[in-house]
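Note: the block below is protein28.cif and it holds mmCIF, C-alpha atoms.
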data_work
loop_
_atom_site.label_atom_id
_atom_site.label_comp_id
_atom_site.auth_asym_id
_atom_site.auth_seq_id
_atom_site.Cartn_x
_atom_site.Cartn_y
_atom_site.Cartn_z
CA MET A 1 0.00 0.00 0.00
CA ARG A 2 2.84 2.38 0.89
CA LYS A 3 4.42 1.71 -2.51
CA LEU A 4 1.14 2.48 -4.30
CA LEU A 5 0.76 5.72 -2.35
CA SER A 6 4.32 6.72 -3.26
CA ILE A 7 3.63 6.10 -6.94
CA ALA A 8 0.40 8.09 -6.77
CA LEU A 9 2.17 10.96 -5.01
CA PHE A 10 4.93 10.92 -7.64
CA CYS A 11 2.37 11.11 -10.45
CA LEU A 12 0.57 14.02 -8.76
CA LEU A 13 3.85 15.88 -8.36
CA ALA A 14 4.74 15.22 -12.00
CA ILE A 15 1.39 16.60 -13.11
CA GLU A 16 1.90 19.67 -10.90
CA VAL A 17 5.38 20.29 -12.32
CA GLN A 18 4.01 19.91 -15.86
CA ALA A 19 1.25 22.38 -15.07
CA GLN A 20 3.82 24.94 -13.87
CA ARG A 21 5.46 25.12 -17.27
CA SER A 22 4.70 27.73 -19.89
CA TYR A 23 5.38 27.25 -23.62
CA THR A 24 6.20 30.17 -25.94
CA ASP A 25 6.51 29.72 -29.69
CA ALA A 26 10.10 30.68 -30.52
CA LEU A 27 8.89 32.36 -33.73
CA SER A 28 7.10 34.96 -31.58
CA LEU A 29 10.48 36.00 -30.19
CA THR A 30 13.50 37.40 -32.11
CA VAL A 31 15.09 35.05 -34.63
CA VAL A 32 18.81 35.77 -35.08
CA GLY A 33 20.95 34.65 -38.03
CA LYS A 34 18.16 34.33 -40.59
CA TYR A 35 19.43 35.08 -44.10
CA THR A 36 16.14 35.38 -45.94
CA GLN A 37 12.49 34.45 -45.68
CA THR A 38 11.87 30.82 -46.55
CA ALA A 39 8.84 28.64 -47.18
CA HIS A 40 9.43 26.91 -43.86
CA PRO A 41 10.45 29.33 -41.08
CA TRP A 42 13.30 27.21 -39.71
CA ASP A 43 15.01 26.63 -43.09
CA ARG A 44 18.09 28.65 -44.04
CA LEU A 45 17.53 28.63 -47.80
CA ASP A 46 14.73 27.45 -50.05
CA GLU A 47 15.46 24.63 -52.46
CA ARG A 48 16.85 25.63 -55.84
CA GLU A 49 16.92 23.78 -59.13
CA GLY A 50 20.21 21.92 -59.37
CA MET A 51 20.60 21.21 -55.67
CA THR A 52 21.29 17.60 -54.75
CA ALA A 53 19.12 15.77 -52.23
CA GLY A 54 21.85 16.24 -49.64
CA GLU A 55 22.08 19.97 -50.28
CA LYS A 56 18.30 20.33 -50.03
CA GLY A 57 18.44 18.59 -46.66
CA GLN A 58 21.23 20.85 -45.45
CA ALA A 59 19.25 23.93 -46.48
CA LYS A 60 16.71 22.82 -43.87
CA HIS A 61 19.28 22.61 -41.05
CA SER A 62 18.93 25.21 -38.33
CA ALA A 63 22.70 25.82 -38.12
CA GLY A 64 23.53 29.36 -37.05
CA LEU A 65 19.99 30.32 -36.09
CA ALA A 66 19.41 31.60 -32.58
CA ILE A 67 16.58 33.07 -30.49
CA ALA A 68 16.99 36.33 -28.54
CA PHE A 69 14.64 36.91 -25.62
CA SER A 70 14.37 38.23 -22.08
CA THR A 71 12.79 36.40 -19.18
CA ASN A 72 12.74 36.23 -15.39
CA SER A 73 12.08 32.49 -15.36
CA LYS A 74 14.07 30.44 -12.85
CA SER A 75 14.38 27.64 -15.39
CA ILE A 76 14.61 27.61 -19.18
CA GLY A 77 14.15 24.70 -21.55
CA VAL A 78 12.98 23.85 -25.03
CA ARG A 79 10.29 21.68 -26.57
CA VAL A 80 11.12 20.70 -30.14
CA VAL A 81 9.41 18.72 -32.89
CA TRP A 82 11.86 17.42 -35.50
CA ARG A 83 10.95 17.31 -39.19
CA ALA A 84 13.26 14.36 -39.77
CA LYS A 85 15.34 12.11 -37.57
CA ALA A 86 18.36 14.09 -36.46
CA ALA A 87 21.60 12.30 -37.30
CA ASN A 88 24.99 12.49 -35.60
CA GLY A 89 28.01 12.44 -37.90
CA GLY A 90 31.19 10.58 -37.17
CA ASN A 91 32.75 13.76 -35.80
CA MET A 92 29.58 15.25 -34.30
CA GLY A 93 28.09 14.53 -30.91
CA PRO A 94 24.41 15.00 -30.12
CA ILE A 95 25.08 18.15 -28.10
CA SER A 96 26.02 20.00 -31.29
CA ALA A 97 24.16 18.06 -33.99
CA ARG A 98 20.77 18.17 -32.25
CA GLY A 99 21.46 20.11 -29.07
CA PHE A 100 20.69 23.64 -27.89
CA ASP A 101 23.15 26.15 -26.41
CA LEU A 102 21.93 28.85 -24.04
CA TYR A 103 23.91 32.07 -23.47
CA MET A 104 23.08 34.95 -21.13
CA GLN A 105 24.43 38.47 -20.94
CA LYS A 106 26.51 39.53 -17.96
CA ASP A 107 28.44 42.81 -17.73
CA GLY A 108 28.02 43.33 -21.47
CA GLN A 109 29.41 39.91 -22.38
CA TRP A 110 27.68 36.79 -23.66
CA LEU A 111 28.41 33.92 -21.25
CA TRP A 112 27.48 30.27 -21.66
CA ALA A 113 24.59 29.41 -19.34
CA GLY A 114 23.45 25.88 -20.19
CA ASN A 115 22.77 23.35 -22.89
CA GLY A 116 21.16 20.03 -23.58
CA TYR A 117 19.58 17.81 -26.18
CA PRO A 118 16.43 15.70 -26.22
CA GLY A 119 17.11 12.06 -25.46
CA LYS A 120 15.02 11.01 -28.46
CA ASN A 121 15.34 12.33 -32.00
CA THR A 122 12.26 10.77 -33.57
CA PRO A 123 10.29 13.16 -35.82
CA ASP A 124 6.70 14.37 -35.58
CA GLU A 125 6.43 14.26 -31.79
CA PRO A 126 7.46 16.78 -29.12
CA HIS A 127 10.70 16.28 -27.19
CA GLU A 128 11.55 18.41 -24.20
CA VAL A 129 14.80 19.20 -22.39
CA GLU A 130 15.68 21.62 -19.61
CA LEU A 131 18.77 23.74 -20.29
CA ILE A 132 19.17 25.52 -16.97
CA SER A 133 17.36 25.53 -13.62
CA ASP A 134 17.51 27.55 -10.41
CA CYS A 135 19.01 30.64 -12.09
CA GLY A 136 16.98 33.15 -10.06
CA ASN A 137 14.05 35.34 -10.99
CA ALA A 138 15.96 38.45 -12.08
CA GLU A 139 15.62 39.67 -15.66
CA LYS A 140 17.92 37.76 -18.02
CA HIS A 141 18.85 38.55 -21.63
CA CYS A 142 19.18 35.23 -23.43
CA LEU A 143 20.52 33.94 -26.71
CA LEU A 144 19.54 30.38 -27.58
CA TYR A 145 21.54 28.70 -30.37
CA LEU A 146 19.79 26.00 -32.41
CA PRO A 147 21.21 22.63 -33.57
CA LEU A 148 23.77 22.47 -36.36
CA PHE A 149 22.64 19.36 -38.22
CA SER A 150 18.91 19.01 -37.49
CA GLN A 151 15.65 20.01 -39.14
CA ILE A 152 13.12 21.69 -36.86
CA GLU A 153 9.38 21.53 -37.41
CA SER A 154 8.41 23.62 -34.38
CA LEU A 155 10.15 25.03 -31.33
CA ASP A 156 8.88 26.35 -28.00
CA ILE A 157 10.79 28.02 -25.18
CA VAL A 158 9.80 26.43 -21.86
CA THR A 159 9.63 28.66 -18.77
CA THR A 160 7.83 28.61 -15.43
CA ASP A 161 4.25 29.76 -15.66
CA GLU A 162 4.63 32.52 -13.05
CA SER A 163 7.38 34.15 -15.13
CA TRP A 164 7.33 36.46 -18.16
CA ILE A 165 9.15 36.15 -21.47
CA GLU A 166 9.44 38.63 -24.34
CA ALA A 167 11.39 39.24 -27.52
CA ASP A 168 14.72 41.06 -27.28
CA SER A 169 16.12 43.33 -29.96
CA GLN A 170 18.65 41.94 -32.42
CA PRO A 171 21.85 41.43 -30.41
CA PHE A 172 24.24 41.91 -33.35
CA LYS A 173 24.58 44.69 -35.90
CA GLY A 174 24.65 44.44 -39.68
CA ARG A 175 24.23 41.38 -41.88
CA ILE A 176 27.25 39.44 -43.15
CA ALA A 177 26.41 36.23 -45.05
CA VAL A 178 28.94 33.41 -44.67
CA TRP A 179 28.65 30.66 -47.28
CA GLY A 180 30.99 27.76 -46.87
CA SER A 181 31.95 24.18 -46.24
CA SER A 182 31.63 21.90 -43.23
CA TYR A 183 33.95 24.34 -41.44
CA THR A 184 31.32 27.05 -41.67
CA HIS A 185 28.49 24.56 -41.06
CA GLY A 186 30.22 23.56 -37.81
CA SER A 187 31.42 19.97 -38.22
CA GLY A 188 33.58 19.00 -35.27
CA ALA A 189 32.38 21.78 -32.98
CA GLY A 190 31.62 20.52 -29.49
CA ARG A 191 28.57 22.75 -29.13
CA CYS A 192 26.32 24.49 -31.64
CA ALA A 193 27.42 27.93 -30.42
CA MET A 194 31.09 27.17 -31.15
CA THR A 195 31.20 27.57 -34.93
CA TRP A 196 33.83 30.10 -35.92
CA GLU A 197 31.26 32.60 -37.19
CA ALA A 198 29.11 32.33 -34.02
CA GLN A 199 32.21 33.00 -31.95
CA LEU A 200 33.09 35.90 -34.25
CA ALA A 201 29.64 37.44 -33.75
CA ARG A 202 29.97 37.34 -29.96
CA ALA A 203 33.52 38.72 -30.18
CA THR A 204 32.73 41.63 -32.52
CA GLY A 205 29.03 42.41 -32.20
CA TYR A 206 28.48 41.84 -35.95
CA ASN A 207 25.82 39.50 -37.30
CA PHE A 208 27.56 36.66 -39.18
CA ILE A 209 24.97 34.41 -40.83
CA ASN A 210 25.78 30.69 -41.12
CA LEU A 211 25.17 29.33 -44.62
CA GLY A 212 27.51 26.36 -44.34
CA PHE A 213 26.81 23.32 -46.53
CA SER A 214 29.03 20.53 -45.32
CA GLY A 215 30.98 18.98 -48.21
CA ASN A 216 28.96 20.89 -50.79
CA CYS A 217 30.46 24.36 -51.10
CA LYS A 218 31.97 24.13 -54.58
CA LEU A 219 31.18 27.51 -56.22
CA GLN A 220 28.08 26.04 -57.89
CA PRO A 221 26.04 28.51 -59.99
CA TYR A 222 22.77 27.49 -58.33
CA PHE A 223 24.16 28.48 -54.94
CA ALA A 224 25.04 31.87 -56.41
CA ASP A 225 21.38 32.07 -57.52
CA ALA A 226 20.19 31.26 -53.99
CA LEU A 227 22.52 33.72 -52.30
CA LEU A 228 21.76 36.54 -54.72
CA ALA A 229 18.02 36.02 -54.24
CA GLY A 230 18.38 36.70 -50.52
CA GLU A 231 17.81 39.92 -48.64
CA PRO A 232 20.47 42.67 -48.69
CA VAL A 233 23.69 42.14 -46.74
CA ASP A 234 26.69 44.31 -45.88
CA ALA A 235 29.22 41.75 -47.11
CA PHE A 236 29.63 38.16 -48.27
CA ILE A 237 32.27 35.86 -46.81
CA PHE A 238 33.15 32.71 -48.75
CA ASP A 239 34.83 29.65 -47.23
CA ALA A 240 34.93 28.41 -50.82
CA PHE A 241 38.16 26.42 -51.21
CA SER A 242 37.76 23.60 -48.70
CA ASN A 243 35.51 21.37 -50.86
CA PRO A 244 36.17 21.93 -54.59
CA SER A 245 39.00 20.39 -56.58
CA PRO A 246 41.61 22.67 -58.19
CA LYS A 247 39.92 22.03 -61.56
CA GLU A 248 36.52 23.11 -60.20
CA VAL A 249 38.06 26.25 -58.73
CA GLN A 250 39.78 27.12 -62.01
CA GLU A 251 36.54 26.70 -63.96
CA ARG A 252 34.06 28.26 -61.54
CA LEU A 253 35.74 30.96 -59.46
CA GLU A 254 35.73 33.96 -61.79
CA PRO A 255 32.21 33.38 -63.22
CA PHE A 256 31.01 33.06 -59.62
CA ILE A 257 32.66 36.34 -58.65
CA GLN A 258 31.37 38.08 -61.77
CA ARG A 259 27.77 37.23 -60.82
CA PHE A 260 28.14 38.96 -57.45
CA VAL A 261 30.05 41.93 -58.85
CA LYS A 262 27.29 42.49 -61.38
CA GLU A 263 24.26 41.94 -59.15
CA ARG A 264 25.60 43.30 -55.85
CA PRO A 265 27.98 46.07 -56.95
CA GLY A 266 30.13 47.56 -54.24
CA ILE A 267 29.44 44.82 -51.70
CA PRO A 268 32.66 43.35 -50.22
CA LEU A 269 33.31 39.77 -51.33
CA ILE A 270 35.68 38.25 -48.77
CA PHE A 271 37.28 34.89 -49.59
CA LEU A 272 39.03 32.75 -46.98
CA GLN A 273 41.88 30.34 -47.61
CA THR A 274 41.13 26.83 -46.40
CA ILE A 275 43.05 25.69 -43.33
CA ARG A 276 45.88 23.20 -43.24
CA ARG A 277 44.36 19.85 -42.23
CA GLU A 278 46.17 17.64 -39.75
CA LYS A 279 45.55 14.61 -41.99
CA ARG A 280 48.44 15.90 -44.09
CA ASN A 281 50.99 15.11 -41.38
CA PHE A 282 51.91 11.57 -42.50
CA SER A 283 49.94 10.95 -45.70
CA ALA A 284 51.86 11.90 -48.84
CA SER A 285 48.83 11.62 -51.13
CA TYR A 286 46.58 13.66 -48.85
CA ASP A 287 49.31 16.25 -48.40
CA ALA A 288 49.74 16.58 -52.16
CA ARG A 289 45.99 16.97 -52.71
CA GLU A 290 45.63 19.64 -50.04
CA HIS A 291 48.72 21.49 -51.22
CA ALA A 292 47.26 21.67 -54.75
CA LYS A 293 43.96 23.04 -53.43
CA ARG A 294 45.59 25.77 -51.37
CA ALA A 295 48.09 26.69 -54.08
CA THR A 296 45.36 27.00 -56.71
CA ALA A 297 43.25 29.16 -54.43
CA GLU A 298 46.21 31.40 -53.61
CA GLU A 299 47.20 31.91 -57.24
CA LEU A 300 43.71 32.62 -58.54
CA MET A 301 42.65 34.83 -55.66
CA GLN A 302 45.69 37.05 -56.13
CA GLN A 303 44.44 37.58 -59.69
CA MET A 304 40.86 38.23 -58.57
CA VAL A 305 41.91 40.77 -55.93
CA ALA A 306 43.95 42.64 -58.54
CA LYS A 307 41.08 42.59 -61.05
CA TYR A 308 38.02 43.35 -58.90
CA PRO A 309 38.09 46.29 -56.43
CA ASN A 310 35.72 44.83 -53.83
CA VAL A 311 37.18 41.32 -53.71
CA TYR A 312 39.33 40.48 -50.68
CA TRP A 313 41.56 37.54 -49.76
CA ILE A 314 42.30 36.40 -46.20
CA ASN A 315 44.79 33.67 -45.38
CA THR A 316 43.22 31.78 -42.50
CA THR A 317 45.97 30.46 -40.23
CA ASN A 318 46.24 26.86 -39.11
CA ALA A 319 43.22 26.28 -36.86
CA SER A 320 45.15 23.62 -34.97
CA ALA A 321 48.38 25.60 -34.37
CA PRO A 322 50.63 25.82 -32.51
CA SER A 323 50.07 22.45 -30.83
CA HIS A 324 48.42 20.70 -33.82
CA GLU A 325 46.01 19.16 -31.29
CA ALA A 326 42.87 21.24 -31.84
CA THR A 327 41.25 18.88 -34.35
CA SER A 328 38.23 16.62 -34.03
CA ASP A 329 39.12 14.11 -36.76
CA GLY A 330 42.16 15.34 -38.65
CA SER A 331 40.09 17.33 -41.11
CA HIS A 332 37.88 19.50 -38.91
CA PRO A 333 38.82 21.68 -35.96
CA ASP A 334 37.37 21.06 -32.54
CA SER A 335 35.79 23.91 -30.57
CA TYR A 336 39.16 25.42 -29.66
CA GLY A 337 40.31 25.02 -33.25
CA TYR A 338 37.36 27.14 -34.34
CA THR A 339 38.41 29.72 -31.75
CA LEU A 340 41.84 29.82 -33.39
CA TRP A 341 40.19 30.15 -36.82
CA MET A 342 38.04 33.03 -35.56
CA GLN A 343 41.03 34.81 -34.05
CA SER A 344 43.00 34.54 -37.29
CA VAL A 345 40.31 36.23 -39.41
CA LYS A 346 38.80 38.65 -36.89
CA GLU A 347 41.00 41.70 -37.49
CA PRO A 348 41.21 41.38 -41.31
CA ILE A 349 37.41 41.06 -41.54
CA LEU A 350 36.81 43.99 -39.19
CA GLU A 351 39.21 46.11 -41.23
CA ILE A 352 37.21 45.40 -44.38
CA LEU A 353 33.81 45.95 -42.73
CA THR A 354 34.82 49.30 -41.23
CA LYS A 355 36.20 50.76 -44.47
#
Entire entry expressed as structure tokens:
Amino acid sequence: MRKLLSIALFCLLAIEVQAQRSYTDALSLTVVGKYTQTAHPWDRLDEREGMTAGEKGQAKHSAGLAIAFSTNSKSIGVRVVWRAKAANGGNMGPISARGFDLYMQKDGQWLWAGNGYPGKNTPDEPHEVELISDCGNAEKHCLLYLPLFSQIESLDIVTTDESWIEADSQPFKGRIAVWGSSYTHGSGAGRCAMTWEAQLARATGYNFINLGFSGNCKLQPYFADALLAGEPVDAFIFDAFSNPSPKEVQERLEPFIQRFVKERPGIPLIFLQTIRREKRNFSASYDAREHAKRATAEELMQQMVAKYPNVYWINTTNASAPSHEATSDGSHPDSYGYTLWMQSVKEPILEILTK
């Protein structure tokens, strides 16, 4: 009998706790990092003719999107419905692939506050996870980063029902679109807020928009179509030499640049050199392949910078230097590696943006 009473009491308490929660549609708050309006609100780009099935799926990833809001809730969580089963890559853990990262402002600085991921990743049903609890009832300015490699159907912010929650203003200034490879997408990052461009936004106050397409950033004309159809930006940054072969770069680079020069005259076009991958250390064939990619990019970009006034070239330093340890799998940086990447491009990018 005592056991039955304990179970009944537990169920009543669970119901009471459930009743104390309040659910706010994240779309009613401030969405950060959105490049353009899309058919589905959590997509980054709409599908374009020519995109592969994989690229269409990546366009639906919520990488780089975040929610800005204020609340006095003692606890903050999320309730998410996935559109498709969220997958974890070989170099991606669930905390970044399908997890959520919560930051709060303190003394003018964004500080990590909590994170988590739903235990289940099955689509078409709600999954809930608490990100932080017992954080007091003072007003808090929050920035919630969304998963890097997942497709979201709907998202609610979960707070206590006696609290309030409201949209904050955009936390970052300007609009800088960053189109790139898995490095920009965030492969290897330990948390979804640790991509190099997310770190750069927090470090500079500028709005860097994640348009990474892991393995698929190859200067394709249909991606130029998609980017040029978007809303106005202050600059484009291209992590464009990590995926394509030297032959693809030779054939596609200048026509790609010419499209942007013609349709977005005067807008800075900033190209980044791909990093030196640690897989080169003891593989002669891999070293030769990567050397050819970097050498081709260097040669052609010197020509492009000389020919087009608003084209810029930044040599990203080794994102694993000086220890050569900051890598997740030999190809991709880990979270600290992305910090090194961010630090190597921060000042050159700021110099261009403030001209």
Distance in Å - atom CA of A:Ala86 versus atom CA of A:Pro333:
21.8 Å
Matched chain/residue IDs from the PyMOL selection byres ((chain A and resi 235-241) around 6), as a ChimeraX atom specification
/A:176-180,233-234,242-244,267-272,274
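Atom CA of A:Ser335 lies 28.5 Å from atom CA of A:Ala53.
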Please enumerate the residues selected by the PyMOL selection byres ((chain A and resi 50) around 12) when evaluated against the supplied file, formatted as a PyMOL selection string.
chain A and resi 47-49+51-56+220-226
What are the closest atom pairs, with distances in Å to one decimal, for each residue of stretch 191-256 of chain A lying within 10 Å of stretch 59-82 of chain A, using only C-alpha atoms, rows by chain and rising residue number, as a tab-separated table?
residue	atom	partner	partner_atom	distance
A:Cys192	CA	A:Ala63	CA	7.5
A:Ala193	CA	A:Gly64	CA	7.8
A:Met194	CA	A:Gly64	CA	9.8
A:Thr195	CA	A:Gly64	CA	8.2
A:Glu197	CA	A:Gly64	CA	8.4
A:Ala198	CA	A:Gly64	CA	7.0
A:Phe208	CA	A:Gly64	CA	8.6
A:Ile209	CA	A:Gly64	CA	6.5
A:Asn210	CA	A:Gly64	CA	4.8
A:Leu211	CA	A:Gly64	CA	7.7
A:Gly212	CA	A:Ala63	CA	7.9
A:Phe213	CA	A:Ala59	CA	7.6
Measuring between only C-alpha atoms, which one of A:Arg83, A:His291, A:Lys279, A:Arg21 shows the shortest distance to A:Ile157?
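With only C-alpha atoms as the atom set, the closest residue is A:Arg21.
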Kindly give the distance, in Å, that separates atom CA of A:Leu102 and atom CA of A:Pro147, rounded to a single decimal.
11.4 Å
Identify, on the basis of only C-alpha atoms, every residue whose closest approach to A:Glu254 does not exceed 9 Å; exclude the query and any residue fewer than 4 positions from it along the same chain; express the result as a list in words.
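Contacts, in chain order: Val249, Gln250, Gln258, Arg259, Leu300 and Met304 of chain A.
Distance annotation: of A:Leu27, A:Ala284, A:Ile314, A:Leu228, the residue with the minimal separation from A:Glu298 is A:Ile314; atom set is all atoms listed in the file.
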